[in-house]
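Asks: File name model.csv; file contents CSV, C-alpha atoms; full text below.
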```csv
chain,number,residue,atom,x,y,z
D,26,GLN,CA,83.2,-131.8,78.8
D,27,ILE,CA,86.2,-132.1,76.5
D,28,GLU,CA,85.0,-135.5,75.4
D,29,ALA,CA,81.5,-134.1,74.6
D,30,ALA,CA,83.1,-131.4,72.5
D,31,ARG,CA,85.2,-134.0,70.6
D,32,LYS,CA,82.2,-136.2,69.9
D,33,LEU,CA,80.2,-133.2,68.7
D,34,PHE,CA,82.9,-131.7,66.5
D,35,ALA,CA,85.5,-134.4,65.8
D,36,GLY,CA,83.7,-137.7,65.8
D,37,ASN,CA,85.2,-138.6,62.4
D,38,VAL,CA,88.7,-137.4,61.6
D,39,ALA,CA,91.0,-138.4,58.7
D,40,PHE,CA,94.4,-137.2,57.5
D,41,VAL,CA,93.9,-136.0,53.9
D,42,LYS,CA,97.3,-135.0,52.6
D,43,GLY,CA,100.5,-133.1,53.1
D,44,ALA,CA,100.9,-130.3,50.6
D,45,VAL,CA,104.2,-128.8,49.6
D,46,ALA,CA,102.9,-126.4,47.0
D,47,LEU,CA,99.8,-124.5,46.1
D,48,THR,CA,98.7,-127.0,43.5
D,49,GLY,CA,98.7,-129.8,46.0
D,50,MET,CA,96.3,-128.2,48.4
D,51,PRO,CA,92.6,-129.3,48.5
D,52,GLU,CA,90.0,-127.0,47.0
D,53,GLY,CA,88.7,-124.4,49.4
D,54,ASP,CA,85.2,-126.0,49.6
D,55,ARG,CA,85.2,-126.4,53.4
D,56,PRO,CA,86.0,-124.0,56.3
D,57,GLU,CA,89.6,-124.2,57.5
D,58,ILE,CA,91.1,-123.8,61.0
D,59,ALA,CA,94.8,-123.3,60.5
D,60,PHE,CA,97.3,-123.7,63.3
D,61,ALA,CA,100.4,-121.5,63.2
D,62,GLY,CA,103.3,-120.8,65.5
D,63,ARG,CA,107.0,-121.0,66.1
D,64,SER,CA,108.7,-124.4,65.9
D,65,ASN,CA,108.3,-126.4,69.1
D,66,VAL,CA,105.3,-124.4,70.3
D,67,GLY,CA,103.2,-127.5,70.6
D,68,LYS,CA,101.0,-127.4,67.5
D,69,SER,CA,100.9,-131.1,66.8
D,70,SER,CA,100.3,-131.9,70.5
D,71,LEU,CA,97.4,-129.5,70.6
D,72,LEU,CA,95.9,-130.9,67.4
D,73,ASN,CA,96.1,-134.4,68.9
D,74,LYS,CA,94.5,-133.2,72.1
D,75,LEU,CA,91.7,-131.5,70.3
D,76,LEU,CA,91.0,-134.5,68.1
D,77,GLY,CA,91.5,-137.1,70.9
D,78,ARG,CA,93.8,-139.2,68.8
D,79,LYS,CA,97.4,-139.2,67.6
D,80,LEU,CA,97.1,-138.0,64.0
D,81,ALA,CA,99.5,-135.1,63.9
D,82,ARG,CA,103.2,-136.2,64.2
D,83,THR,CA,104.9,-134.9,67.3
D,84,SER,CA,108.6,-134.8,68.0
D,85,SER,CA,111.1,-133.4,70.5
D,86,THR,CA,113.0,-132.1,67.5
D,87,PRO,CA,111.7,-128.7,66.3
D,88,GLY,CA,110.9,-128.1,62.6
D,89,ARG,CA,109.7,-131.6,61.8
D,90,THR,CA,106.5,-130.4,60.1
D,91,GLN,CA,107.6,-129.3,56.7
D,92,THR,CA,104.4,-129.6,54.8
D,93,ILE,CA,100.9,-128.2,55.1
D,94,ASN,CA,99.0,-131.1,56.6
D,95,TYR,CA,95.2,-131.3,56.2
D,96,PHE,CA,92.9,-133.2,58.5
D,97,ARG,CA,89.2,-133.5,57.5
D,98,VAL,CA,86.9,-133.3,60.6
D,99,ASN,CA,83.4,-134.8,60.4
D,100,GLY,CA,83.6,-134.3,56.6
D,101,SER,CA,82.7,-130.7,57.1
D,102,PHE,CA,85.9,-128.7,57.8
D,103,TYR,CA,89.6,-128.9,57.9
D,104,PHE,CA,92.2,-128.6,60.6
D,105,VAL,CA,95.4,-127.3,58.8
D,106,ASP,CA,98.8,-127.8,60.5
D,107,LEU,CA,101.2,-125.2,59.1
D,108,PRO,CA,105.0,-125.6,59.2
D,109,GLY,CA,106.5,-124.0,62.3
D,110,PHE,CA,108.5,-120.9,61.7
D,111,GLY,CA,111.8,-119.6,63.2
D,112,TYR,CA,113.7,-122.9,63.5
D,113,ALA,CA,117.2,-121.6,63.4
D,114,ARG,CA,118.9,-124.9,62.7
D,115,ALA,CA,117.0,-125.4,59.5
D,116,SER,CA,118.9,-124.4,56.4
D,117,LYS,CA,118.3,-121.1,54.8
D,118,GLU,CA,116.9,-122.8,51.8
D,119,ALA,CA,114.4,-124.9,53.9
D,120,ARG,CA,113.2,-121.8,55.8
D,121,SER,CA,112.7,-119.9,52.6
D,122,GLN,CA,110.7,-122.9,51.1
D,123,TRP,CA,108.5,-123.2,54.2
D,124,ALA,CA,107.8,-119.4,54.2
D,125,GLU,CA,106.9,-119.6,50.5
D,126,VAL,CA,104.5,-122.4,51.1
D,127,ILE,CA,102.8,-120.7,54.0
D,128,ASN,CA,102.6,-117.5,52.1
D,129,ASP,CA,101.0,-119.2,49.2
D,130,TYR,CA,98.5,-120.8,51.5
D,131,LEU,CA,97.5,-117.7,53.5
D,132,ARG,CA,97.3,-115.4,50.4
D,133,THR,CA,95.0,-117.8,48.5
D,134,PRO,CA,91.5,-116.3,49.0
D,135,HIS,CA,89.2,-118.5,51.1
D,136,PRO,CA,85.7,-117.7,52.2
D,137,ARG,CA,86.0,-119.4,55.6
D,138,ARG,CA,89.4,-119.5,57.2
D,139,MET,CA,90.6,-118.8,60.7
D,140,VAL,CA,94.2,-118.9,62.0
D,141,VAL,CA,94.9,-120.0,65.5
D,142,GLN,CA,98.3,-118.4,66.4
D,143,LEU,CA,100.1,-120.3,69.1
D,144,VAL,CA,102.5,-118.7,71.4
D,145,ASP,CA,104.7,-120.5,74.0
D,146,ALA,CA,103.5,-119.2,77.4
D,147,ARG,CA,106.8,-120.2,79.0
D,148,VAL,CA,108.8,-117.6,77.0
D,149,GLY,CA,106.0,-115.2,76.0
D,150,ALA,CA,105.6,-113.5,72.6
D,151,THR,CA,108.9,-113.1,70.7
D,152,ALA,CA,109.7,-110.7,67.9
D,153,LEU,CA,108.9,-113.6,65.4
D,154,ASP,CA,105.5,-114.0,67.1
D,155,GLU,CA,104.8,-110.3,66.8
D,156,GLN,CA,105.9,-110.3,63.2
D,157,ALA,CA,103.6,-113.2,62.4
D,158,GLY,CA,100.7,-111.5,64.1
D,159,GLU,CA,101.3,-108.4,62.0
D,160,TYR,CA,101.5,-110.5,58.8
D,161,PHE,CA,98.2,-112.3,59.6
D,162,ALA,CA,96.5,-108.9,60.3
D,163,SER,CA,97.8,-107.4,57.1
D,164,LEU,CA,96.0,-110.2,55.2
D,165,GLY,CA,92.8,-109.5,57.0
D,166,LEU,CA,92.7,-113.0,58.5
D,167,ASN,CA,90.4,-114.0,61.3
D,168,THR,CA,92.8,-114.9,64.1
D,169,LEU,CA,92.7,-116.4,67.6
D,170,ALA,CA,95.7,-116.1,70.0
D,171,VAL,CA,96.4,-119.2,72.1
D,172,ALA,CA,99.1,-119.5,74.8
D,173,THR,CA,100.4,-123.0,75.0
D,174,LYS,CA,102.2,-125.0,77.7
D,175,VAL,CA,100.6,-122.9,80.5
D,176,ASP,CA,101.0,-125.7,83.0
D,177,ASP,CA,104.7,-124.8,83.0
D,178,VAL,CA,104.0,-121.2,84.0
D,179,LYS,CA,103.6,-120.5,87.7
D,180,ARG,CA,100.2,-119.1,88.7
D,181,GLY,CA,101.8,-115.8,89.9
D,182,GLU,CA,103.6,-115.3,86.6
D,183,ARG,CA,100.7,-116.1,84.3
D,184,VAL,CA,98.9,-112.8,84.4
D,185,ARG,CA,102.0,-110.9,83.5
D,186,ARG,CA,102.8,-113.4,80.7
D,187,MET,CA,99.3,-113.1,79.2
D,188,LYS,CA,99.5,-109.3,79.4
D,189,GLN,CA,102.8,-109.4,77.5
D,190,ILE,CA,101.4,-111.7,74.8
D,191,ALA,CA,98.3,-109.6,74.3
D,192,GLY,CA,100.4,-106.4,74.1
D,193,ALA,CA,102.9,-107.9,71.6
D,194,LEU,CA,100.1,-109.1,69.4
D,195,GLN,CA,98.1,-106.0,69.8
D,196,ILE,CA,94.8,-107.8,70.6
D,197,GLY,CA,93.5,-105.8,73.6
D,198,GLU,CA,92.9,-107.3,77.0
D,199,PRO,CA,95.1,-110.1,78.4
D,200,THR,CA,91.9,-112.1,78.8
D,201,ALA,CA,91.6,-112.2,75.0
D,202,VAL,CA,94.5,-114.7,75.0
D,203,LEU,CA,93.3,-118.3,75.5
D,204,ALA,CA,95.5,-120.3,77.9
D,205,VAL,CA,95.8,-123.9,76.9
D,206,SER,CA,97.6,-127.0,78.3
D,207,THR,CA,97.7,-130.3,76.5
D,208,GLN,CA,99.0,-131.9,79.7
D,209,THR,CA,96.1,-130.9,82.0
D,210,GLY,CA,93.4,-130.2,79.3
D,211,GLU,CA,93.0,-126.6,80.5
D,212,GLY,CA,91.5,-124.4,77.8
D,213,VAL,CA,90.7,-127.2,75.4
D,214,ARG,CA,87.0,-126.9,75.8
D,215,GLU,CA,87.2,-123.1,75.4
D,216,LEU,CA,89.2,-123.5,72.3
D,217,TRP,CA,86.6,-125.9,70.8
D,218,LYS,CA,84.0,-123.3,71.7
D,219,SER,CA,85.8,-120.5,69.8
D,220,ILE,CA,86.2,-122.8,66.8
D,221,ALA,CA,82.5,-123.8,66.9
D,222,GLU,CA,81.5,-120.1,67.0
D,223,PHE,CA,83.6,-119.4,64.0
D,224,LEU,CA,82.1,-122.4,62.1
D,225,ALA,CA,78.7,-121.1,63.0
D,226,GLY,CA,79.4,-117.9,61.2
D,227,LYS,CA,80.0,-115.6,64.2
D,228,THR,CA,82.6,-112.9,63.9
D,229,ALA,CA,85.9,-114.5,64.8
D,230,PRO,CA,87.4,-114.5,68.0
D,231,GLN,CA,89.5,-111.8,69.5
D,232,GLN,CA,91.4,-109.7,67.3
D,233,THR,CA,90.7,-106.0,67.2
D,234,ARG,CA,94.3,-105.2,66.4
D,235,LYS,CA,95.3,-101.6,66.2
D,236,LYS,CA,95.0,-100.6,62.6
D,237,GLU,CA,98.3,-98.9,62.4
D,238,HIS,CA,100.0,-102.1,63.3
D,239,ALA,CA,98.3,-104.0,60.5
D,240,GLU,CA,98.8,-101.7,57.6
D,241,GLY,CA,101.8,-102.1,55.4
D,242,GLN,CA,103.0,-105.4,56.8
D,243,HIS,CA,103.5,-107.9,54.0
D,244,GLY,CA,106.5,-110.1,54.9
D,245,THR,CA,106.3,-113.6,56.1
D,246,PRO,CA,107.9,-114.5,59.5
```
I'd like the structure from this file rewritten - as structure tokens, please.

Replies:
Amino acid sequence: QIEAARKLFAGNVAFVKGAVALTGMPEGDRPEIAFAGRSNVGKSSLLNKLLGRKLARTSSTPGRTQTINYFRVNGSFYFVDLPGFGYARASKEARSQWAEVINDYLRTPHPRRMVVQLVDARVGATALDEQAGEYFASLGLNTLAVATKVDDVKRGERVRRMKQIAGALQIGEPTAVLAVSTQTGEGVRELWKSIAEFLAGKTAPQQTRKKEHAEGQHGTP
């Protein structure tokens, strides 16, 4: 089933470029699925799992993605790998630069953009994850919350962890959080389905965040 989804949506994939400034980003002529999350949340691994090939660079060292990386899928839309936020060992100057690049990207108007917000299921949603969610909501972005590395969470703990993530991100029921594992493939087909629905023009995924949590939030994580 995962292979069928890949063949349908990701038969032809190419790395386009890594942008470090607004002027280096491709024109917004295709829908964009942007992947965002804290450093070491597993963004690159998930991208590679979705695409069925190792295009996104993975590393055991957090904070390696320092550019906005564009992957063109089937010539019709982009996967966009955003720099991870919250990497404490990065210099203050580097963190500021990453935040500025992400801010420029997300604030640039685009007719078809969805942000997939990744949260590490092993630790749950942190204050940084919550701040990022509020920031995405303040910009009126279509968002989808995905809990990564669920294979490392005991079955008995999973329900509580999903509830905590849903509550922190203000997205309603815990079932609205999509649980995914790049190790077992769990949730990959469902994630492709949500992406396909967005590309088909359906109202994006989950988020009916409480309005009072979205208003007045304008800072980057």

Asks: Find the residue from D:Lys79, D:Arg185, D:Arg214, D:His135 that sits nearest to D:Glu57; use all atoms listed in the file when measuring.

Replies: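 Using all atoms listed in the file, D:Glu57 sits closest to D:His135.
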
Asks: Atom CA of D:Lys68 to atom CA of D:Ile190: how many Å, to one decimal?

Replies: 17.3 Å

Asks: Suppose you want the space between atom CA of D:Ile127 and atom CA of D:Lys174; what is it in Å?

Replies: 24.1 Å

Asks: May I ask which of the residues D:Asn94, D:Ser206, D:Thr133, D:Thr173 is the closest one to D:Gly62, counting all atoms listed in the file?

Replies: D:Thr173

Asks: Could you check how far atom CA of D:Glu198 sits from atom CA of D:Val171, in Å to one decimal?

Replies: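 Atom CA of D:Glu198 sits 13.3 Å away from atom CA of D:Val171.
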